[in-house]
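J.: Hey, dropping final.txt in here, compact mmCIF, N, CA and C atoms:
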# COMPACT_ATOMS: atom_id res chain seq x y z
N MET V 917 11.84 -27.26 -0.05
CA MET V 917 12.20 -25.86 0.12
C MET V 917 10.95 -24.98 0.11
N ASN V 918 10.04 -25.21 -0.81
CA ASN V 918 8.81 -24.41 -0.87
C ASN V 918 7.98 -24.57 0.40
N ARG V 919 7.98 -25.79 0.92
CA ARG V 919 7.21 -26.04 2.16
C ARG V 919 7.83 -25.27 3.33
N LEU V 920 9.14 -25.23 3.43
CA LEU V 920 9.83 -24.50 4.49
C LEU V 920 9.56 -23.00 4.37
N LEU V 921 9.61 -22.46 3.16
CA LEU V 921 9.32 -21.05 2.94
C LEU V 921 7.89 -20.72 3.36
N TYR V 922 6.94 -21.57 3.02
CA TYR V 922 5.54 -21.37 3.39
C TYR V 922 5.39 -21.34 4.92
N VAL V 923 6.05 -22.25 5.61
CA VAL V 923 5.98 -22.31 7.08
C VAL V 923 6.59 -21.05 7.68
N LEU V 924 7.72 -20.60 7.15
CA LEU V 924 8.36 -19.39 7.66
C LEU V 924 7.49 -18.15 7.45
N LEU V 925 6.79 -18.09 6.32
CA LEU V 925 5.90 -16.96 6.06
C LEU V 925 4.65 -17.02 6.93
N LEU V 926 4.19 -18.19 7.24
CA LEU V 926 2.97 -18.38 8.04
C LEU V 926 3.24 -18.30 9.54
N LEU V 927 4.47 -18.53 9.96
CA LEU V 927 4.82 -18.60 11.38
C LEU V 927 4.39 -17.37 12.19
N PRO V 928 4.64 -16.13 11.72
CA PRO V 928 4.19 -14.97 12.52
C PRO V 928 2.68 -14.96 12.77
N THR V 929 1.91 -15.36 11.78
CA THR V 929 0.46 -15.41 11.95
C THR V 929 0.07 -16.46 12.98
N LEU V 930 0.72 -17.61 12.94
CA LEU V 930 0.42 -18.68 13.90
C LEU V 930 0.82 -18.27 15.31
N VAL V 931 1.97 -17.63 15.47
CA VAL V 931 2.46 -17.23 16.79
C VAL V 931 1.63 -16.08 17.36
N LEU V 932 1.37 -15.06 16.53
CA LEU V 932 0.68 -13.87 17.00
C LEU V 932 -0.85 -14.02 16.96
N GLY V 933 -1.35 -14.92 16.15
CA GLY V 933 -2.78 -15.13 16.07
C GLY V 933 -3.48 -14.26 15.04
N GLN V 934 -2.78 -13.34 14.41
CA GLN V 934 -3.36 -12.51 13.35
C GLN V 934 -2.25 -11.93 12.51
N ASP V 935 -2.60 -11.49 11.31
CA ASP V 935 -1.58 -10.97 10.41
C ASP V 935 -1.69 -9.47 10.19
N ASN V 936 -2.48 -8.78 11.05
CA ASN V 936 -2.58 -7.32 11.00
C ASN V 936 -2.97 -6.81 12.38
N LEU V 937 -3.21 -5.52 12.52
CA LEU V 937 -3.55 -4.96 13.83
C LEU V 937 -4.93 -5.39 14.33
N GLY V 938 -5.82 -5.73 13.43
CA GLY V 938 -7.15 -6.17 13.84
C GLY V 938 -8.12 -5.03 14.09
N ILE V 939 -7.89 -3.88 13.48
CA ILE V 939 -8.78 -2.73 13.66
C ILE V 939 -10.16 -3.08 13.12
N VAL V 940 -11.20 -2.76 13.92
CA VAL V 940 -12.56 -3.10 13.51
C VAL V 940 -13.44 -1.88 13.26
N ARG V 941 -13.11 -0.72 13.84
CA ARG V 941 -13.85 0.51 13.57
C ARG V 941 -13.18 1.69 14.26
N HIS V 942 -13.65 2.88 13.91
CA HIS V 942 -13.14 4.13 14.48
C HIS V 942 -13.78 4.34 15.86
N ASN V 943 -13.00 4.81 16.84
CA ASN V 943 -13.51 5.07 18.18
C ASN V 943 -13.72 6.56 18.40
N HIS V 944 -12.64 7.35 18.36
CA HIS V 944 -12.78 8.79 18.53
C HIS V 944 -11.63 9.53 17.87
N LEU V 945 -11.87 10.80 17.67
CA LEU V 945 -10.88 11.71 17.14
C LEU V 945 -10.61 12.73 18.24
N GLY V 946 -9.36 12.88 18.66
CA GLY V 946 -9.00 13.86 19.67
C GLY V 946 -8.50 15.13 19.00
N ILE V 947 -9.09 16.26 19.36
CA ILE V 947 -8.72 17.55 18.78
C ILE V 947 -8.26 18.48 19.90
N HIS V 948 -7.03 18.97 19.78
CA HIS V 948 -6.44 19.87 20.76
C HIS V 948 -6.96 21.28 20.51
N VAL V 949 -7.70 21.86 21.45
CA VAL V 949 -8.31 23.18 21.25
C VAL V 949 -7.76 24.20 22.24
N LYS V 950 -7.92 25.48 21.88
CA LYS V 950 -7.41 26.57 22.71
C LYS V 950 -8.32 26.85 23.90
N ASP V 951 -9.65 26.78 23.69
CA ASP V 951 -10.60 27.14 24.74
C ASP V 951 -11.78 26.17 24.72
N ILE V 952 -11.87 25.33 25.74
CA ILE V 952 -12.91 24.29 25.80
C ILE V 952 -14.32 24.88 25.70
N PRO V 953 -14.70 25.88 26.50
CA PRO V 953 -16.08 26.39 26.40
C PRO V 953 -16.45 26.92 25.01
N THR V 954 -15.54 27.65 24.37
CA THR V 954 -15.80 28.19 23.04
C THR V 954 -15.96 27.07 22.02
N SER V 955 -15.04 26.13 22.03
CA SER V 955 -15.10 25.01 21.09
C SER V 955 -16.29 24.11 21.37
N ALA V 956 -16.56 23.86 22.65
CA ALA V 956 -17.71 23.01 23.00
C ALA V 956 -19.00 23.64 22.51
N ALA V 957 -19.15 24.95 22.64
CA ALA V 957 -20.35 25.63 22.15
C ALA V 957 -20.47 25.47 20.63
N PHE V 958 -19.36 25.58 19.91
CA PHE V 958 -19.39 25.42 18.46
C PHE V 958 -19.82 24.01 18.06
N TYR V 959 -19.22 23.00 18.68
CA TYR V 959 -19.54 21.61 18.32
C TYR V 959 -20.97 21.24 18.71
N ARG V 960 -21.45 21.81 19.80
CA ARG V 960 -22.83 21.55 20.24
C ARG V 960 -23.83 22.38 19.44
N ASP V 961 -23.64 23.69 19.39
CA ASP V 961 -24.65 24.60 18.85
C ASP V 961 -24.58 24.78 17.33
N VAL V 962 -23.40 24.75 16.76
CA VAL V 962 -23.26 24.95 15.32
C VAL V 962 -23.24 23.61 14.59
N MET V 963 -22.40 22.70 15.04
CA MET V 963 -22.32 21.40 14.37
C MET V 963 -23.48 20.48 14.76
N GLY V 964 -24.13 20.79 15.87
CA GLY V 964 -25.29 20.01 16.28
C GLY V 964 -24.96 18.65 16.87
N LEU V 965 -23.75 18.51 17.41
CA LEU V 965 -23.36 17.23 17.99
C LEU V 965 -23.85 17.11 19.43
N LYS V 966 -24.18 15.90 19.80
CA LYS V 966 -24.69 15.62 21.15
C LYS V 966 -23.52 15.47 22.13
N PRO V 967 -23.49 16.29 23.20
CA PRO V 967 -22.44 16.12 24.21
C PRO V 967 -22.50 14.73 24.83
N ALA V 968 -21.35 14.17 25.11
CA ALA V 968 -21.25 12.87 25.76
C ALA V 968 -20.66 13.06 27.15
N PRO V 969 -21.00 12.18 28.09
CA PRO V 969 -20.47 12.31 29.45
C PRO V 969 -18.95 12.23 29.49
N VAL V 970 -18.37 13.10 30.31
CA VAL V 970 -16.92 13.14 30.54
C VAL V 970 -16.71 12.81 32.02
N PRO V 971 -15.73 11.97 32.35
CA PRO V 971 -15.46 11.69 33.76
C PRO V 971 -15.23 12.98 34.55
N ASP V 972 -15.70 13.00 35.78
CA ASP V 972 -15.61 14.20 36.62
C ASP V 972 -14.20 14.79 36.68
N ASN V 973 -13.18 13.93 36.77
CA ASN V 973 -11.81 14.43 36.91
C ASN V 973 -11.26 15.02 35.61
N LEU V 974 -12.01 14.93 34.49
CA LEU V 974 -11.55 15.48 33.21
C LEU V 974 -12.43 16.62 32.70
N LYS V 975 -13.52 16.94 33.40
CA LYS V 975 -14.48 17.93 32.90
C LYS V 975 -13.88 19.31 32.66
N ALA V 976 -12.88 19.70 33.41
CA ALA V 976 -12.28 21.03 33.24
C ALA V 976 -11.41 21.11 32.00
N THR V 977 -10.96 19.97 31.50
CA THR V 977 -10.01 19.98 30.38
C THR V 977 -10.48 19.19 29.16
N ARG V 978 -11.71 18.72 29.18
CA ARG V 978 -12.22 17.89 28.08
C ARG V 978 -13.68 18.21 27.80
N ALA V 979 -14.09 17.97 26.56
CA ALA V 979 -15.49 17.95 26.17
C ALA V 979 -15.61 16.89 25.10
N TRP V 980 -16.57 16.00 25.24
CA TRP V 980 -16.73 14.89 24.31
C TRP V 980 -18.07 15.02 23.59
N PHE V 981 -18.07 14.63 22.31
CA PHE V 981 -19.28 14.71 21.49
C PHE V 981 -19.49 13.42 20.73
N ASP V 982 -20.75 12.98 20.69
CA ASP V 982 -21.15 11.73 20.06
C ASP V 982 -21.47 11.97 18.58
N LEU V 983 -20.79 11.24 17.70
CA LEU V 983 -21.08 11.29 16.27
C LEU V 983 -22.05 10.17 15.86
N GLY V 984 -22.38 9.29 16.77
CA GLY V 984 -23.23 8.14 16.47
C GLY V 984 -22.39 6.91 16.16
N ASN V 985 -23.01 5.76 16.26
CA ASN V 985 -22.36 4.48 15.97
C ASN V 985 -21.08 4.26 16.77
N GLY V 986 -21.06 4.79 18.00
CA GLY V 986 -19.90 4.59 18.86
C GLY V 986 -18.70 5.46 18.53
N GLN V 987 -18.87 6.42 17.64
CA GLN V 987 -17.78 7.29 17.24
C GLN V 987 -17.93 8.65 17.94
N MET V 988 -16.79 9.23 18.31
CA MET V 988 -16.84 10.48 19.06
C MET V 988 -15.75 11.45 18.59
N ILE V 989 -15.96 12.72 18.96
CA ILE V 989 -14.92 13.73 18.86
C ILE V 989 -14.62 14.16 20.29
N HIS V 990 -13.36 14.10 20.68
CA HIS V 990 -12.93 14.54 22.00
C HIS V 990 -12.17 15.85 21.86
N LEU V 991 -12.63 16.88 22.54
CA LEU V 991 -11.92 18.16 22.58
C LEU V 991 -11.00 18.12 23.79
N LEU V 992 -9.73 18.45 23.56
CA LEU V 992 -8.71 18.41 24.59
C LEU V 992 -8.15 19.81 24.79
N ASN V 993 -8.17 20.32 26.00
CA ASN V 993 -7.76 21.69 26.30
C ASN V 993 -6.24 21.86 26.18
N GLY V 994 -5.82 23.09 25.85
CA GLY V 994 -4.41 23.44 25.94
C GLY V 994 -3.69 23.70 24.64
N ARG V 995 -4.40 23.82 23.52
CA ARG V 995 -3.70 24.07 22.25
C ARG V 995 -3.06 25.45 22.29
N SER V 996 -1.78 25.51 21.90
CA SER V 996 -1.08 26.80 21.84
C SER V 996 -0.48 27.05 20.46
N GLU V 997 -0.39 26.04 19.62
CA GLU V 997 0.18 26.16 18.28
C GLU V 997 -0.91 26.48 17.26
N GLN V 998 -0.53 27.13 16.17
CA GLN V 998 -1.43 27.44 15.06
C GLN V 998 -1.88 26.14 14.39
N VAL V 999 -3.15 26.04 14.02
CA VAL V 999 -3.66 24.90 13.27
C VAL V 999 -3.62 25.27 11.79
N ASN V 1000 -2.99 24.44 10.99
CA ASN V 1000 -2.89 24.69 9.55
C ASN V 1000 -3.56 23.55 8.79
N HIS V 1001 -4.82 23.71 8.54
CA HIS V 1001 -5.58 22.72 7.78
C HIS V 1001 -5.99 23.34 6.45
N ASP V 1002 -6.05 22.53 5.42
CA ASP V 1002 -6.62 22.97 4.15
C ASP V 1002 -7.23 21.76 3.46
N ARG V 1003 -8.08 22.03 2.47
CA ARG V 1003 -8.84 20.94 1.87
C ARG V 1003 -7.98 19.98 1.06
N ASN V 1004 -6.75 20.36 0.74
CA ASN V 1004 -5.84 19.46 0.03
C ASN V 1004 -4.85 18.80 0.97
N GLY V 1005 -5.01 19.06 2.25
CA GLY V 1005 -4.13 18.48 3.26
C GLY V 1005 -4.96 17.93 4.41
N SER V 1006 -4.60 18.32 5.61
CA SER V 1006 -5.29 17.83 6.80
C SER V 1006 -6.71 18.38 6.88
N HIS V 1007 -7.67 17.49 7.04
CA HIS V 1007 -9.07 17.86 7.26
C HIS V 1007 -9.82 16.63 7.74
N TYR V 1008 -11.00 16.85 8.28
CA TYR V 1008 -11.85 15.76 8.77
C TYR V 1008 -13.09 15.72 7.90
N ALA V 1009 -13.39 14.57 7.33
CA ALA V 1009 -14.54 14.43 6.44
C ALA V 1009 -15.68 13.72 7.16
N LEU V 1010 -16.86 14.30 7.05
CA LEU V 1010 -18.06 13.76 7.68
C LEU V 1010 -19.17 13.62 6.64
N TYR V 1011 -20.03 12.63 6.84
CA TYR V 1011 -21.20 12.47 5.98
C TYR V 1011 -22.37 13.26 6.55
N VAL V 1012 -23.19 13.81 5.66
CA VAL V 1012 -24.44 14.47 6.02
C VAL V 1012 -25.57 13.81 5.22
N ALA V 1013 -26.79 13.94 5.71
CA ALA V 1013 -27.93 13.33 5.02
C ALA V 1013 -28.28 14.07 3.73
N ASP V 1014 -28.18 15.40 3.76
CA ASP V 1014 -28.59 16.21 2.60
C ASP V 1014 -27.64 17.40 2.47
N ILE V 1015 -26.76 17.36 1.48
CA ILE V 1015 -25.74 18.40 1.33
C ILE V 1015 -26.34 19.77 1.06
N ALA V 1016 -27.46 19.82 0.33
CA ALA V 1016 -28.11 21.11 0.04
C ALA V 1016 -28.63 21.75 1.33
N LYS V 1017 -29.20 20.94 2.21
CA LYS V 1017 -29.69 21.46 3.49
C LYS V 1017 -28.52 21.90 4.37
N SER V 1018 -27.42 21.17 4.31
CA SER V 1018 -26.23 21.55 5.08
C SER V 1018 -25.68 22.88 4.59
N GLU V 1019 -25.68 23.08 3.28
CA GLU V 1019 -25.20 24.34 2.73
C GLU V 1019 -26.12 25.49 3.13
N ALA V 1020 -27.41 25.25 3.10
CA ALA V 1020 -28.36 26.29 3.52
C ALA V 1020 -28.15 26.64 5.00
N TYR V 1021 -27.86 25.64 5.81
CA TYR V 1021 -27.60 25.85 7.24
C TYR V 1021 -26.35 26.72 7.43
N LEU V 1022 -25.27 26.39 6.71
CA LEU V 1022 -24.04 27.19 6.81
C LEU V 1022 -24.30 28.64 6.42
N LYS V 1023 -25.09 28.84 5.36
CA LYS V 1023 -25.43 30.20 4.92
C LYS V 1023 -26.25 30.92 5.99
N ALA V 1024 -27.25 30.23 6.56
CA ALA V 1024 -28.11 30.84 7.58
C ALA V 1024 -27.31 31.23 8.81
N LYS V 1025 -26.31 30.43 9.16
CA LYS V 1025 -25.45 30.72 10.33
C LYS V 1025 -24.34 31.71 9.97
N GLN V 1026 -24.28 32.11 8.70
CA GLN V 1026 -23.26 33.03 8.20
C GLN V 1026 -21.84 32.53 8.49
N LEU V 1027 -21.67 31.22 8.32
CA LEU V 1027 -20.36 30.62 8.50
C LEU V 1027 -19.63 30.59 7.16
N PRO V 1028 -18.41 31.08 7.10
CA PRO V 1028 -17.66 31.01 5.85
C PRO V 1028 -17.41 29.55 5.48
N TYR V 1029 -17.56 29.23 4.21
CA TYR V 1029 -17.31 27.87 3.75
C TYR V 1029 -16.88 27.91 2.29
N HIS V 1030 -16.32 26.80 1.86
CA HIS V 1030 -15.93 26.63 0.46
C HIS V 1030 -16.74 25.47 -0.11
N ARG V 1031 -17.32 25.69 -1.28
CA ARG V 1031 -18.10 24.65 -1.95
C ARG V 1031 -17.34 24.23 -3.21
N GLN V 1032 -17.23 22.94 -3.40
CA GLN V 1032 -16.61 22.45 -4.63
C GLN V 1032 -17.33 21.19 -5.09
N VAL V 1033 -17.22 20.92 -6.37
CA VAL V 1033 -17.77 19.69 -6.94
C VAL V 1033 -16.58 18.81 -7.30
N ARG V 1034 -16.56 17.64 -6.69
CA ARG V 1034 -15.47 16.69 -6.91
C ARG V 1034 -15.51 16.17 -8.35
N PHE V 1035 -14.43 15.56 -8.81
CA PHE V 1035 -14.30 15.04 -10.17
C PHE V 1035 -15.45 14.12 -10.58
N ASP V 1036 -16.08 13.47 -9.61
CA ASP V 1036 -17.16 12.53 -9.92
C ASP V 1036 -18.54 13.14 -9.71
N GLY V 1037 -18.60 14.46 -9.53
CA GLY V 1037 -19.87 15.15 -9.40
C GLY V 1037 -20.38 15.33 -7.98
N VAL V 1038 -19.67 14.82 -6.99
CA VAL V 1038 -20.09 14.94 -5.59
C VAL V 1038 -19.79 16.34 -5.08
N VAL V 1039 -20.81 16.98 -4.46
CA VAL V 1039 -20.63 18.30 -3.86
C VAL V 1039 -19.98 18.13 -2.49
N GLN V 1040 -18.98 18.95 -2.24
CA GLN V 1040 -18.29 18.94 -0.95
C GLN V 1040 -18.30 20.36 -0.38
N LEU V 1041 -18.50 20.46 0.93
CA LEU V 1041 -18.48 21.74 1.63
C LEU V 1041 -17.38 21.69 2.69
N TYR V 1042 -16.60 22.75 2.78
CA TYR V 1042 -15.52 22.85 3.75
C TYR V 1042 -15.74 24.06 4.65
N PHE V 1043 -15.58 23.89 5.95
CA PHE V 1043 -15.66 25.00 6.90
C PHE V 1043 -14.76 24.69 8.09
N SER V 1044 -14.41 25.72 8.84
CA SER V 1044 -13.50 25.56 9.98
C SER V 1044 -14.20 25.77 11.31
N ASP V 1045 -13.65 25.13 12.33
CA ASP V 1045 -14.11 25.37 13.69
C ASP V 1045 -13.34 26.58 14.24
N PRO V 1046 -13.59 27.01 15.49
CA PRO V 1046 -12.92 28.20 16.03
C PRO V 1046 -11.39 28.11 16.07
N ASP V 1047 -10.85 26.90 16.09
CA ASP V 1047 -9.39 26.72 16.16
C ASP V 1047 -8.75 26.60 14.78
N GLY V 1048 -9.54 26.48 13.73
CA GLY V 1048 -8.99 26.34 12.39
C GLY V 1048 -8.98 24.93 11.85
N TYR V 1049 -9.53 23.98 12.62
CA TYR V 1049 -9.65 22.62 12.10
C TYR V 1049 -10.68 22.63 10.99
N LEU V 1050 -10.33 22.03 9.87
CA LEU V 1050 -11.19 22.06 8.70
C LEU V 1050 -12.03 20.79 8.60
N PHE V 1051 -13.33 21.00 8.38
CA PHE V 1051 -14.26 19.88 8.20
C PHE V 1051 -14.77 19.87 6.77
N GLU V 1052 -14.85 18.70 6.20
CA GLU V 1052 -15.40 18.48 4.87
C GLU V 1052 -16.72 17.73 5.04
N LEU V 1053 -17.76 18.23 4.40
CA LEU V 1053 -19.05 17.55 4.42
C LEU V 1053 -19.32 16.92 3.06
N ASN V 1054 -19.77 15.68 3.09
CA ASN V 1054 -20.16 14.94 1.90
C ASN V 1054 -21.53 14.32 2.16
N GLN V 1055 -22.35 14.23 1.14
CA GLN V 1055 -23.64 13.58 1.30
C GLN V 1055 -23.44 12.07 1.34
N VAL V 1056 -24.20 11.40 2.21
CA VAL V 1056 -24.14 9.94 2.28
C VAL V 1056 -24.49 9.38 0.90
N PRO V 1057 -23.65 8.46 0.40
CA PRO V 1057 -23.94 7.89 -0.92
C PRO V 1057 -25.28 7.16 -0.92
N ALA V 1058 -25.94 7.16 -2.08
CA ALA V 1058 -27.20 6.43 -2.24
C ALA V 1058 -26.94 4.94 -2.03
N THR V 1059 -27.95 4.22 -1.62
CA THR V 1059 -27.80 2.80 -1.32
C THR V 1059 -27.50 1.95 -2.55
N ASP V 1060 -27.78 2.49 -3.75
CA ASP V 1060 -27.50 1.73 -4.96
C ASP V 1060 -26.04 1.83 -5.38
N GLY V 1061 -25.21 2.48 -4.54
CA GLY V 1061 -23.80 2.58 -4.83
C GLY V 1061 -23.41 3.84 -5.58
N LYS V 1062 -24.39 4.61 -6.04
CA LYS V 1062 -24.08 5.84 -6.77
C LYS V 1062 -24.08 7.00 -5.78
N SER V 1063 -23.10 7.87 -5.91
CA SER V 1063 -23.04 9.06 -5.05
C SER V 1063 -24.08 10.07 -5.49
N GLN V 1064 -24.55 10.84 -4.53
CA GLN V 1064 -25.51 11.89 -4.83
C GLN V 1064 -24.81 13.23 -4.84
As structure tokens, please, write out the structure in this file.
T.:
Amino acid sequence: MNRLLYVLLLLPTLVLGQDNLGIVRHNHLGIHVKDIPTSAAFYRDVMGLKPAPVPDNLKATRAWFDLGNGQMIHLLNGRSEQVNHDRNGSHYALYVADIAKSEAYLKAKQLPYHRQVRFDGVVQLYFSDPDGYLFELNQVPATDGKSQ
């Protein structure tokens, strides 16, 4: 009986070849925006992201940005609904090299932001894009496993 149960539990893995979806990394995040030129300028000029090539047939309705390591943010034209993001709900978290320099940059650009210190001492900065999507910045953890 135990052998039969084991075979029945293992059968889907044998038939399908894997026991999960097989996700290996993040590809892109698609964000529905109201105005492509305005949002593209923000992601390029304020966030400092490198524009990525968009196929010719999509250039009027898309803008793509490279986050590095094969990860991207895709801006998609046509948002008409209000975006409701907050730091305790929907938001996008990104790593930065130096949180103090990122905060100084936000201040220099006169961008409204919220600064908080997480329960473990990590400083987090929150700010919104022109559509209201909220971004959280965290400093890349030190290589010794301790957060900075």
J.: Could you check the closest approach to V:Gln1032 for each of V:Leu991, V:His1001, V:Ile1015, V:Asp982 and tell me which residue wins, using only C-alpha atoms?
T.: V:Ile1015
J.: Can you pull out the residues contacting V:Val970? Cut-off 9 Å, using only C-alpha atoms, and skip same-chain residues under 6 positions away; I want them as a ChimeraX atom specification.
T.: /V:978-980
J.: Need to verify the contact set: stretch 945-957 of chain V, 6 Å, only C-alpha atoms, exclusion of same-chain residues closer than 5 positions in sequence. Can you return it as a list of chain:residue names?
T.: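 These residues fall inside the cut-off: V:Ile989, V:His990, V:Leu991, V:Leu992, V:Asn993, V:Gly994, V:Arg995.
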J.: For atom CA of V:Lys1023 and atom C of V:Gln1040, quote the distance in Å rounded to one decimal.
T.: 13.3 Å
J.: Put the listed atoms of stretch 945-953 of chain V in a box along x, y and z with 8 Å added on every side and give me the centre and edge lengths in Å to one decimal, as JSON.
T.:
{"center_x": -11.4, "center_y": 19.0, "center_z": 21.8, "size_x": 26.0, "size_y": 32.3, "size_z": 25.4}
J.: Let me make sure I understand: among V:Gly933, V:Phe958, V:His944, V:Pro969, which one has the smallest atom-to-atom distance to V:Pro1046 if we use only N, CA and C atoms?
T.: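 So, comparing all the options, the nearest one is V:Phe958.
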J.: For V:Leu965, please output as a PyMOL selection string all residues within 6.5 Å (counting only N, CA and C atoms; exclusion window: fewer than 3 positions along the same chain).
T.: chain V and resi 959-962+981-982
J.: Have a look at atom N of V:Lys975 and atom C of V:Tyr1049 and let me know their distance in Å, one decimal.
T.: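 Answer for the atom N of V:Lys975 to atom C of V:Tyr1049 separation: 23.3 Å.
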J.: So that I can check the secondary structure, give me every residue of stretch 927-1028 of chain V assigned helix (DSSP H, G or I) by backbone DSSP, as a PyMOL selection string.
T.: chain V and resi 927-932+952-962+972-974+1015-1024
J.: Would you pick out the contacts of V:Asp1014 at 12 Å or less, using only C-alpha atoms, so that residues sharing its chain but fewer than 5 positions from it are not included, and give the list as a list in words?
T.: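 The filter keeps Glu1019, Ala1020, Tyr1021, Val1038, Val1039, Gln1040, Leu1041, Leu1053, Asn1054, Gln1055, Val1056, Pro1057, Ala1058, Ser1063 and Gln1064 of chain V.
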J.: At what distance in Å, to one decimal, does atom CA of V:Gly984 lie from atom CA of V:Tyr1011?
T.: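 Separating atom CA of V:Tyr1011 from atom CA of V:Gly984 is a distance of 11.5 Å.
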J.: Closest to V:Leu1027 among V:Asp1002, V:Val1012, V:Gln987, V:Ser1044, using all atoms listed in the file?
T.: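 Closest to V:Leu1027, using all atoms listed in the file: V:Ser1044.
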J.: Select, from V:Phe1043, V:Gly986, V:Arg1003, V:Tyr1008, the residue with the minimum atom-to-atom distance to V:Gln1026, counting only C-alpha atoms.
T.: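 Smallest separation from V:Gln1026 among the options: V:Phe1043.
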J.: Pick out each residue of stretch 920-1054 of chain V that DSSP on the backbone tags as strand (DSSP E or B); I need them as an MDAnalysis selection string.
T.: chainID V and resid 944:949 966:968 978:984 987:993 1008:1012 1030:1033 1039:1044 1050:1054
J.: Let me make sure I understand: among V:Asn1000, V:Pro967, V:Ala976, V:Asp935, which one has the smallest atom-to-atom distance to V:Asp1047 if we use all atoms listed in the file?
T.: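 Ranking V:Asn1000, V:Pro967, V:Ala976, V:Asp935 by distance to V:Asp1047, first place goes to V:Asn1000.
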